[in-house]
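One file, run.txt, is given below (compact mmCIF, C-alpha atoms).
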# COMPACT_ATOMS: atom_id res chain seq x y z
CA MET O 1 -140.59 128.35 -131.51
CA ASP O 2 -141.77 128.90 -127.97
CA ASN O 3 -139.11 126.80 -126.29
CA GLU O 4 -136.17 128.11 -128.27
CA GLU O 5 -133.57 129.67 -126.04
CA PRO O 6 -132.34 133.19 -126.70
CA LEU O 7 -129.25 133.18 -128.88
CA GLN O 8 -127.40 135.01 -126.15
CA LYS O 9 -127.54 131.84 -124.02
CA LEU O 10 -125.73 129.72 -126.57
CA VAL O 11 -122.12 128.81 -125.95
CA PRO O 12 -119.96 131.44 -127.67
CA ARG O 13 -116.94 130.36 -129.67
CA VAL O 14 -114.11 132.26 -131.24
CA ASP O 15 -112.67 131.25 -134.60
CA VAL O 16 -109.08 131.59 -135.71
CA GLU O 17 -109.69 135.17 -136.82
CA GLY O 18 -111.14 136.13 -133.48
CA GLU O 19 -114.73 136.30 -134.68
CA ASN O 20 -117.18 135.78 -131.83
CA ARG O 21 -119.59 133.05 -132.84
CA LEU O 22 -122.58 131.54 -131.10
CA LEU O 23 -122.00 128.07 -132.46
CA PRO O 24 -122.10 124.57 -130.98
CA LYS O 25 -118.81 123.12 -129.87
CA ALA O 26 -119.61 119.87 -131.71
CA LEU O 27 -122.37 118.17 -133.69
CA LEU O 28 -123.94 114.72 -133.55
CA VAL O 29 -125.31 113.84 -136.98
CA ASP O 30 -127.71 111.08 -137.97
CA MET O 31 -127.14 109.27 -141.29
CA ASP O 32 -130.27 107.62 -142.72
CA ASP O 33 -132.84 110.17 -143.93
CA THR O 34 -130.57 112.97 -142.73
CA ILE O 35 -127.54 112.68 -145.01
CA LEU O 36 -128.76 109.73 -147.07
CA ALA O 37 -132.19 109.30 -148.66
CA TYR O 38 -133.09 105.94 -147.15
CA GLU O 39 -136.89 106.10 -146.98
CA GLN O 40 -137.65 109.74 -147.63
CA GLY O 41 -137.59 110.53 -151.34
CA ILE O 42 -137.42 106.87 -152.38
CA ASP O 43 -140.26 105.02 -154.12
CA LEU O 44 -140.33 101.95 -151.91
CA ASP O 45 -143.67 100.84 -153.33
CA SER O 46 -142.05 100.25 -156.70
CA CYS O 47 -139.49 97.98 -155.02
CA TRP O 48 -142.22 95.91 -153.38
CA VAL O 49 -144.23 95.66 -156.59
CA SER O 50 -141.17 94.63 -158.58
CA VAL O 51 -140.00 91.95 -156.17
CA CYS O 52 -143.42 90.56 -155.30
CA GLY O 53 -144.33 90.46 -158.98
CA LYS O 54 -141.20 88.40 -159.62
CA TYR O 55 -142.35 85.60 -157.31
CA LEU O 56 -146.13 86.01 -157.14
CA ASN O 57 -147.95 86.79 -160.37
CA GLY O 58 -151.47 86.61 -158.99
CA GLU O 59 -152.59 83.75 -161.23
CA ASN O 60 -153.19 81.32 -158.39
CA GLY O 61 -153.66 83.70 -155.51
CA PRO O 62 -153.97 87.35 -154.50
CA ASP O 63 -152.79 90.02 -156.92
CA VAL O 64 -149.55 91.90 -156.35
CA GLY O 65 -151.32 95.04 -155.13
CA THR O 66 -153.09 93.09 -152.40
CA ILE O 67 -149.86 91.40 -151.36
CA VAL O 68 -147.93 94.68 -151.18
CA ALA O 69 -150.72 96.32 -149.16
CA ALA O 70 -150.69 93.43 -146.68
CA ILE O 71 -146.90 93.59 -146.31
CA LYS O 72 -146.96 97.35 -145.72
CA GLU O 73 -149.75 97.07 -143.15
CA HIS O 74 -147.91 94.36 -141.23
CA ALA O 75 -144.67 96.35 -141.48
CA ARG O 76 -146.32 99.35 -139.84
CA TRP O 77 -147.36 97.12 -136.95
CA TYR O 78 -143.95 95.48 -136.68
CA TRP O 79 -141.92 98.69 -136.59
CA SER O 80 -144.32 100.46 -134.20
CA ASP O 81 -142.96 98.60 -131.18
CA ALA O 82 -139.65 99.90 -129.79
CA GLU O 83 -138.23 96.49 -128.89
CA ARG O 84 -139.23 94.87 -132.18
CA HIS O 85 -137.72 97.89 -133.92
CA ARG O 86 -134.43 97.50 -132.06
CA ARG O 87 -134.24 93.78 -132.79
CA GLY O 88 -135.35 94.17 -136.39
CA ARG O 89 -132.98 96.96 -137.40
CA LEU O 90 -130.04 94.86 -136.24
CA ASP O 91 -131.06 92.09 -138.68
CA LEU O 92 -133.12 93.58 -141.48
CA THR O 93 -133.32 90.39 -143.54
CA MET O 94 -134.70 88.51 -140.55
CA ALA O 95 -137.19 91.30 -139.81
CA ARG O 96 -138.34 91.55 -143.41
CA THR O 97 -138.72 87.78 -143.63
CA GLU O 98 -140.90 87.81 -140.51
CA ILE O 99 -143.01 90.68 -141.86
CA ILE O 100 -143.45 89.18 -145.32
CA GLY O 101 -144.07 85.66 -143.98
CA SER O 102 -146.79 86.90 -141.63
CA ALA O 103 -148.42 89.02 -144.32
CA LEU O 104 -148.41 86.15 -146.80
CA GLY O 105 -149.80 83.83 -144.13
CA LEU O 106 -152.77 86.14 -143.63
CA LEU O 107 -153.41 85.81 -147.36
CA GLY O 108 -153.29 82.02 -147.23
CA ILE O 109 -149.71 81.64 -148.49
CA GLU O 110 -147.64 79.65 -146.01
CA ASP O 111 -144.12 79.62 -147.44
CA ARG O 112 -141.24 80.73 -145.23
CA SER O 113 -138.63 80.14 -147.94
CA LEU O 114 -140.58 82.33 -150.36
CA ALA O 115 -140.74 85.07 -147.73
CA GLY O 116 -136.97 84.85 -147.36
CA LEU O 117 -136.42 85.17 -151.11
CA ILE O 118 -138.67 88.22 -151.33
CA ALA O 119 -136.98 89.79 -148.29
CA ALA O 120 -133.48 89.30 -149.73
CA ASP O 121 -134.36 90.63 -153.19
CA TYR O 122 -136.28 93.58 -151.73
CA GLY O 123 -133.25 94.50 -149.63
CA ILE O 124 -131.00 94.49 -152.70
CA GLU O 125 -133.41 96.51 -154.84
CA ARG O 126 -134.22 99.15 -152.21
CA ASP O 127 -130.58 99.57 -151.21
CA GLU O 128 -129.69 100.35 -154.82
CA LYS O 129 -131.99 103.38 -154.56
CA ILE O 130 -130.22 104.91 -151.55
CA ALA O 131 -128.64 108.25 -152.47
CA VAL O 132 -127.06 111.28 -150.85
CA PHE O 133 -129.51 114.15 -150.34
CA PRO O 134 -128.75 117.16 -152.57
CA GLY O 135 -126.38 119.54 -150.79
CA ALA O 136 -125.66 117.17 -147.89
CA ILE O 137 -121.96 116.65 -148.57
CA ASP O 138 -121.44 120.36 -149.24
CA THR O 139 -123.12 121.06 -145.90
CA ILE O 140 -120.72 118.72 -144.11
CA HIS O 141 -117.75 120.45 -145.75
CA TYR O 142 -119.20 123.80 -144.66
CA LEU O 143 -119.50 122.61 -141.05
CA LYS O 144 -115.94 121.31 -141.11
CA SER O 145 -114.76 124.68 -142.43
CA LEU O 146 -116.13 126.21 -139.23
CA GLY O 147 -113.88 123.95 -137.20
CA ILE O 148 -116.78 122.08 -135.59
CA PRO O 149 -116.02 118.41 -134.77
CA LEU O 150 -118.60 116.00 -136.17
CA ALA O 151 -119.73 112.59 -134.92
CA LEU O 152 -121.88 110.33 -137.07
CA LEU O 153 -124.43 108.56 -134.87
CA THR O 154 -126.35 105.82 -136.67
CA ASN O 155 -128.56 102.91 -135.65
CA GLY O 156 -128.41 99.48 -137.23
CA ALA O 157 -126.05 96.55 -137.65
CA SER O 158 -122.40 97.17 -138.41
CA ALA O 159 -122.20 95.58 -141.87
CA PRO O 160 -125.01 97.45 -143.67
CA GLN O 161 -124.20 100.77 -142.03
CA ARG O 162 -120.48 100.46 -142.81
CA CYS O 163 -121.41 99.51 -146.37
CA LYS O 164 -123.30 102.79 -146.79
CA ILE O 165 -120.53 104.78 -145.13
CA ASP O 166 -117.98 103.25 -147.50
CA ARG O 167 -120.21 103.50 -150.58
CA PHE O 168 -120.75 107.22 -150.13
CA GLN O 169 -117.27 107.91 -148.71
CA LEU O 170 -118.56 109.41 -145.47
CA ALA O 171 -115.84 108.19 -143.08
CA PRO O 172 -113.26 110.91 -143.93
CA LEU O 173 -115.89 113.58 -143.28
CA PHE O 174 -116.39 112.70 -139.60
CA ASP O 175 -114.15 112.82 -136.56
CA HIS O 176 -115.99 109.90 -134.97
CA ILE O 177 -118.46 107.26 -136.15
CA VAL O 178 -120.70 105.44 -133.68
CA ILE O 179 -122.77 102.53 -135.03
CA GLU O 180 -125.31 100.78 -132.85
CA GLY O 181 -124.19 97.30 -133.87
CA GLU O 182 -120.58 98.08 -132.96
CA PHE O 183 -121.09 100.08 -129.78
CA GLY O 184 -123.73 97.75 -128.32
CA SER O 185 -126.60 100.19 -127.96
CA GLY O 186 -128.25 102.78 -130.13
CA LYS O 187 -130.56 105.75 -130.09
CA PRO O 188 -132.61 106.48 -127.98
CA ASP O 189 -130.49 104.77 -125.29
CA SER O 190 -128.80 107.55 -123.31
CA ARG O 191 -125.52 105.62 -123.29
CA VAL O 192 -124.90 106.16 -126.98
CA TYR O 193 -125.22 109.97 -126.73
CA GLU O 194 -123.06 110.03 -123.61
CA HIS O 195 -120.42 107.94 -125.38
CA ALA O 196 -120.40 110.33 -128.34
CA LEU O 197 -120.05 113.31 -126.00
CA LYS O 198 -116.98 111.71 -124.41
CA LEU O 199 -115.44 111.10 -127.82
CA LEU O 200 -115.99 114.74 -128.72
CA GLY O 201 -114.83 116.05 -125.35
CA ALA O 202 -117.92 118.21 -125.03
CA ALA O 203 -120.66 118.81 -122.49
CA PRO O 204 -124.30 118.21 -123.49
CA GLU O 205 -125.16 121.91 -123.56
CA GLU O 206 -122.32 122.53 -126.00
CA VAL O 207 -123.58 120.04 -128.59
CA TRP O 208 -126.37 119.82 -131.16
CA MET O 209 -128.01 116.64 -132.47
CA ILE O 210 -129.16 116.76 -136.11
CA GLY O 211 -131.64 114.20 -137.43
CA ASP O 212 -135.12 113.27 -138.65
CA ASN O 213 -136.38 110.82 -136.02
CA TYR O 214 -138.29 112.78 -133.39
CA GLN O 215 -137.79 110.32 -130.54
CA TRP O 216 -134.13 109.59 -131.31
CA GLU O 217 -132.92 113.02 -132.40
CA VAL O 218 -135.15 115.36 -130.40
CA VAL O 219 -136.74 113.84 -127.31
CA ALA O 220 -133.90 111.59 -126.09
CA PRO O 221 -130.96 113.97 -126.61
CA GLN O 222 -132.79 117.02 -125.25
CA ARG O 223 -133.56 115.11 -122.07
CA LEU O 224 -129.77 114.96 -121.66
CA GLY O 225 -129.33 118.67 -122.32
CA ILE O 226 -128.26 118.34 -125.97
CA ARG O 227 -129.93 120.85 -128.31
CA SER O 228 -131.74 119.25 -131.22
CA VAL O 229 -132.21 120.39 -134.78
CA TRP O 230 -135.06 118.34 -136.23
CA ILE O 231 -135.23 117.58 -139.94
CA ASN O 232 -138.95 117.73 -140.58
CA HIS O 233 -139.31 116.12 -144.01
CA LYS O 234 -143.10 116.04 -143.96
CA GLY O 235 -143.75 119.53 -142.61
CA GLN O 236 -145.40 118.24 -139.44
CA ASP O 237 -146.29 120.52 -136.54
CA PRO O 238 -143.66 119.91 -133.82
CA LEU O 239 -146.25 120.76 -131.18
CA SER O 240 -148.21 117.67 -132.25
CA MET O 241 -145.21 115.39 -131.81
CA HIS O 242 -144.20 115.71 -128.14
CA GLU O 243 -144.07 118.18 -125.27
CA ILE O 244 -140.29 118.33 -125.78
CA GLN O 245 -139.69 120.68 -128.67
CA PRO O 246 -136.63 120.99 -130.93
CA PHE O 247 -134.26 123.93 -130.67
CA ARG O 248 -134.60 124.40 -134.43
CA THR O 249 -136.71 122.78 -137.15
CA ILE O 250 -135.49 122.54 -140.74
CA ARG O 251 -136.76 120.68 -143.82
CA THR O 252 -133.42 119.40 -145.15
CA PHE O 253 -129.92 118.89 -143.80
CA SER O 254 -128.58 121.62 -146.10
CA GLU O 255 -130.81 124.16 -144.32
CA LEU O 256 -128.38 123.88 -141.44
CA VAL O 257 -126.13 126.30 -143.33
CA PRO O 258 -128.43 129.35 -142.94
CA VAL O 259 -128.96 128.40 -139.29
CA MET O 260 -125.22 128.60 -138.74
CA GLU O 261 -124.98 131.80 -140.74
CA GLU O 262 -127.66 133.34 -138.55
CA LEU O 263 -125.63 132.52 -135.46
CA ARG O 264 -122.47 133.88 -137.00
CA GLY O 265 -124.23 137.16 -137.65
CA ARG O 266 -123.87 136.95 -141.41
CA GLY O 267 -126.30 136.27 -144.23
CA GLN O 268 -130.07 136.37 -144.20
CA SER O 269 -131.67 135.63 -140.85
CA VAL O 270 -133.71 132.46 -140.73
CA GLY O 271 -135.81 133.70 -137.83
CA ASP O 272 -136.72 132.04 -134.55
CA ARG O 273 -138.95 129.40 -136.07
CA MET O 274 -138.06 127.33 -139.11
CA ASP O 275 -140.87 125.05 -140.25
Entire entry expressed as structure tokens:
Amino acid sequence: MDNEEPLQKLVPRVDVEGENRLLPKALLVDMDDTILAYEQGIDLDSCWVSVCGKYLNGENGPDVGTIVAAIKEHARWYWSDAERHRRGRLDLTMARTEIIGSALGLLGIEDRSLAGLIAADYGIERDEKIAVFPGAIDTIHYLKSLGIPLALLTNGASAPQRCKIDRFQLAPLFDHIVIEGEFGSGKPDSRVYEHALKLLGAAPEEVWMIGDNYQWEVVAPQRLGIRSVWINHKGQDPLSMHEIQPFRTIRTFSELVPVMEELRGRGQSVGDRMD
């Protein structure tokens, strides 16, 4: 990748055996769609069809397919605005109720209570499908074996994010956990990255940010001097995303292992560009 810095410029570290390593001093790690399959790899359409079909059978109105399509279209609009996104992710039931209510209204169904029921049941059904990505926990154990401190940096309200952390037993794997709803601000606000850096006792240039959201895990942290490793689930061209380019691009969190092995001078080289 054109903007990738020569490996010689990375901060060298020395492990307990005296091995010279060009590794980050610490890592900031995203949770949803980085460690946990939250949207990527989950059939969300089946959740919508199931829940909408439970309450709306199409006999006296639009069919389920039309309803689901309207909800998804309105959801794309809703989540496209940064401020609506910030407000909505801190109260997902409220946001989903707004989205569903508006979509149903466009189809001639004015029923706020029905929208709330669908939103609540959808949240339960889709959350049941959340899972750890294959190899993600092993990758975290690998990073810890290198002696690299880890901070989990996740957006959203405290209760649902803590629920996922507890459900998948992530807390013992991290030195620090920063949740938007607890700290008071979230990605891409510079304050949350700066807070995490203070917790880790590291300078921006000594730290990597790992995650899938281009604005939150590439653009914002790199503006602060933090190197970003972008998880590119869809195989998109980074050059089409933003003028700020990631330090490394990988397809899954577990691909971080060969990146580290490259820097340690062992194993098969992953090259300068990883798409």
Please identify all polymer residues within 8 Å of O:Val229, counting only C-alpha atoms, omitting same-chain residues fewer than 6 positions from it, and present them as number ranges by chain.
-> O: 208-211, 217-218, 246-250
Could the residues of stretch 115-168 of chain O that have an atom at most 10 Å from stretch 71-89 of chain O be listed as CSV, each with its closest atom pair and the distance in Å to one decimal, counting all atoms listed in the file and ordered by chain and ascending residue number?
residue,atom,partner,partner_atom,distance
O:Asn155,CA,O:Arg89,CA,7.6
O:Gly156,CA,O:Arg89,CA,5.2
O:Ala157,CA,O:Arg89,CA,6.9
Considering only C-alpha atoms, state which residue in the set O:Gln222, O:Ser185, O:Gln169, O:Thr93 is at the smallest distance from O:His242.
->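 So, comparing all the options, the nearest one is O:Gln222.
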For atom CA of O:Gly101 and atom CA of O:Glu128, determine how far apart the two atoms are, in Å to one decimal place.
-> 23.2 Å
Nearby residues (only C-alpha atoms) at most 10 Å from O:Gly116, same-chain spacing under 3 positions excluded, as number ranges by chain = O: 93-98, 100-101, 111-113, 119-122
Write out as a list in words each polymer residue whose atoms come within 9 Å of O:Lys187, counting only C-alpha atoms; drop sequence neighbours fewer than 2 positions from it.
->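 Those residues are Leu153, Thr154, Asn155, Glu180, Ser185, Asp189, Ser190, Arg191, Val192, Tyr193, Gln215, Trp216, Glu217, Ala220 and Pro221 of chain O.
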Write a file of the selected residues as an mmCIF file, in the coordinates of the input, keeping C-alpha atoms.
data_model
loop_
_atom_site.group_PDB
_atom_site.id
_atom_site.type_symbol
_atom_site.label_atom_id
_atom_site.label_comp_id
_atom_site.auth_asym_id
_atom_site.auth_seq_id
_atom_site.Cartn_x
_atom_site.Cartn_y
_atom_site.Cartn_z
ATOM 1 C CA LEU O 153 -124.430 108.560 -134.870
ATOM 2 C CA THR O 154 -126.350 105.820 -136.670
ATOM 3 C CA ASN O 155 -128.560 102.910 -135.650
ATOM 4 C CA GLU O 180 -125.310 100.780 -132.850
ATOM 5 C CA SER O 185 -126.600 100.190 -127.960
ATOM 6 C CA ASP O 189 -130.490 104.770 -125.290
ATOM 7 C CA SER O 190 -128.800 107.550 -123.310
ATOM 8 C CA ARG O 191 -125.520 105.620 -123.290
ATOM 9 C CA VAL O 192 -124.900 106.160 -126.980
ATOM 10 C CA TYR O 193 -125.220 109.970 -126.730
ATOM 11 C CA GLN O 215 -137.790 110.320 -130.540
ATOM 12 C CA TRP O 216 -134.130 109.590 -131.310
ATOM 13 C CA GLU O 217 -132.920 113.020 -132.400
ATOM 14 C CA ALA O 220 -133.900 111.590 -126.090
ATOM 15 C CA PRO O 221 -130.960 113.970 -126.610
#
Could you please determine the separation between atom CA of O:Asp45 and atom CA of O:Asp32 in Å, to one decimal place?
-> 18.4 Å
For stretch 88-106 of chain O, supply N, CA and C atoms and format the output as a short mmCIF file (atom, residue, chain, number, x, y, z; two decimals), in the coordinates of the input.
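Final file, rebuild_24.cif:
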data_model
loop_
_atom_site.label_atom_id
_atom_site.label_comp_id
_atom_site.auth_asym_id
_atom_site.auth_seq_id
_atom_site.Cartn_x
_atom_site.Cartn_y
_atom_site.Cartn_z
N GLY O 88 -135.23 94.27 -134.95
CA GLY O 88 -135.35 94.17 -136.39
C GLY O 88 -134.30 94.95 -137.15
N ARG O 89 -133.96 96.14 -136.66
CA ARG O 89 -132.98 96.96 -137.40
C ARG O 89 -131.58 96.40 -137.31
N LEU O 90 -131.35 95.50 -136.35
CA LEU O 90 -130.04 94.86 -136.24
C LEU O 90 -129.93 93.62 -137.13
N ASP O 91 -131.05 93.20 -137.72
CA ASP O 91 -131.06 92.09 -138.68
C ASP O 91 -132.24 92.31 -139.62
N LEU O 92 -132.03 93.17 -140.61
CA LEU O 92 -133.12 93.58 -141.48
C LEU O 92 -133.68 92.43 -142.31
N THR O 93 -132.83 91.52 -142.76
CA THR O 93 -133.32 90.39 -143.54
C THR O 93 -134.24 89.52 -142.70
N MET O 94 -133.86 89.27 -141.46
CA MET O 94 -134.70 88.51 -140.55
C MET O 94 -136.04 89.22 -140.33
N ALA O 95 -135.98 90.54 -140.07
CA ALA O 95 -137.19 91.30 -139.81
C ALA O 95 -138.11 91.31 -141.03
N ARG O 96 -137.53 91.53 -142.19
CA ARG O 96 -138.34 91.55 -143.41
C ARG O 96 -138.94 90.19 -143.70
N THR O 97 -138.19 89.13 -143.43
CA THR O 97 -138.72 87.78 -143.63
C THR O 97 -139.90 87.53 -142.71
N GLU O 98 -139.79 87.96 -141.45
CA GLU O 98 -140.90 87.81 -140.51
C GLU O 98 -142.13 88.59 -140.98
N ILE O 99 -141.90 89.82 -141.41
CA ILE O 99 -143.01 90.68 -141.86
C ILE O 99 -143.69 90.08 -143.08
N ILE O 100 -142.89 89.71 -144.07
CA ILE O 100 -143.45 89.18 -145.32
C ILE O 100 -144.13 87.84 -145.07
N GLY O 101 -143.48 86.97 -144.28
CA GLY O 101 -144.07 85.66 -143.98
C GLY O 101 -145.41 85.78 -143.30
N SER O 102 -145.52 86.70 -142.33
CA SER O 102 -146.79 86.90 -141.63
C SER O 102 -147.86 87.46 -142.55
N ALA O 103 -147.46 88.42 -143.39
CA ALA O 103 -148.42 89.02 -144.32
C ALA O 103 -148.92 87.99 -145.33
N LEU O 104 -148.00 87.19 -145.86
CA LEU O 104 -148.41 86.15 -146.80
C LEU O 104 -149.32 85.12 -146.12
N GLY O 105 -148.99 84.79 -144.87
CA GLY O 105 -149.80 83.83 -144.13
C GLY O 105 -151.24 84.29 -143.98
N LEU O 106 -151.42 85.59 -143.74
CA LEU O 106 -152.77 86.14 -143.63
C LEU O 106 -153.53 86.04 -144.95
#
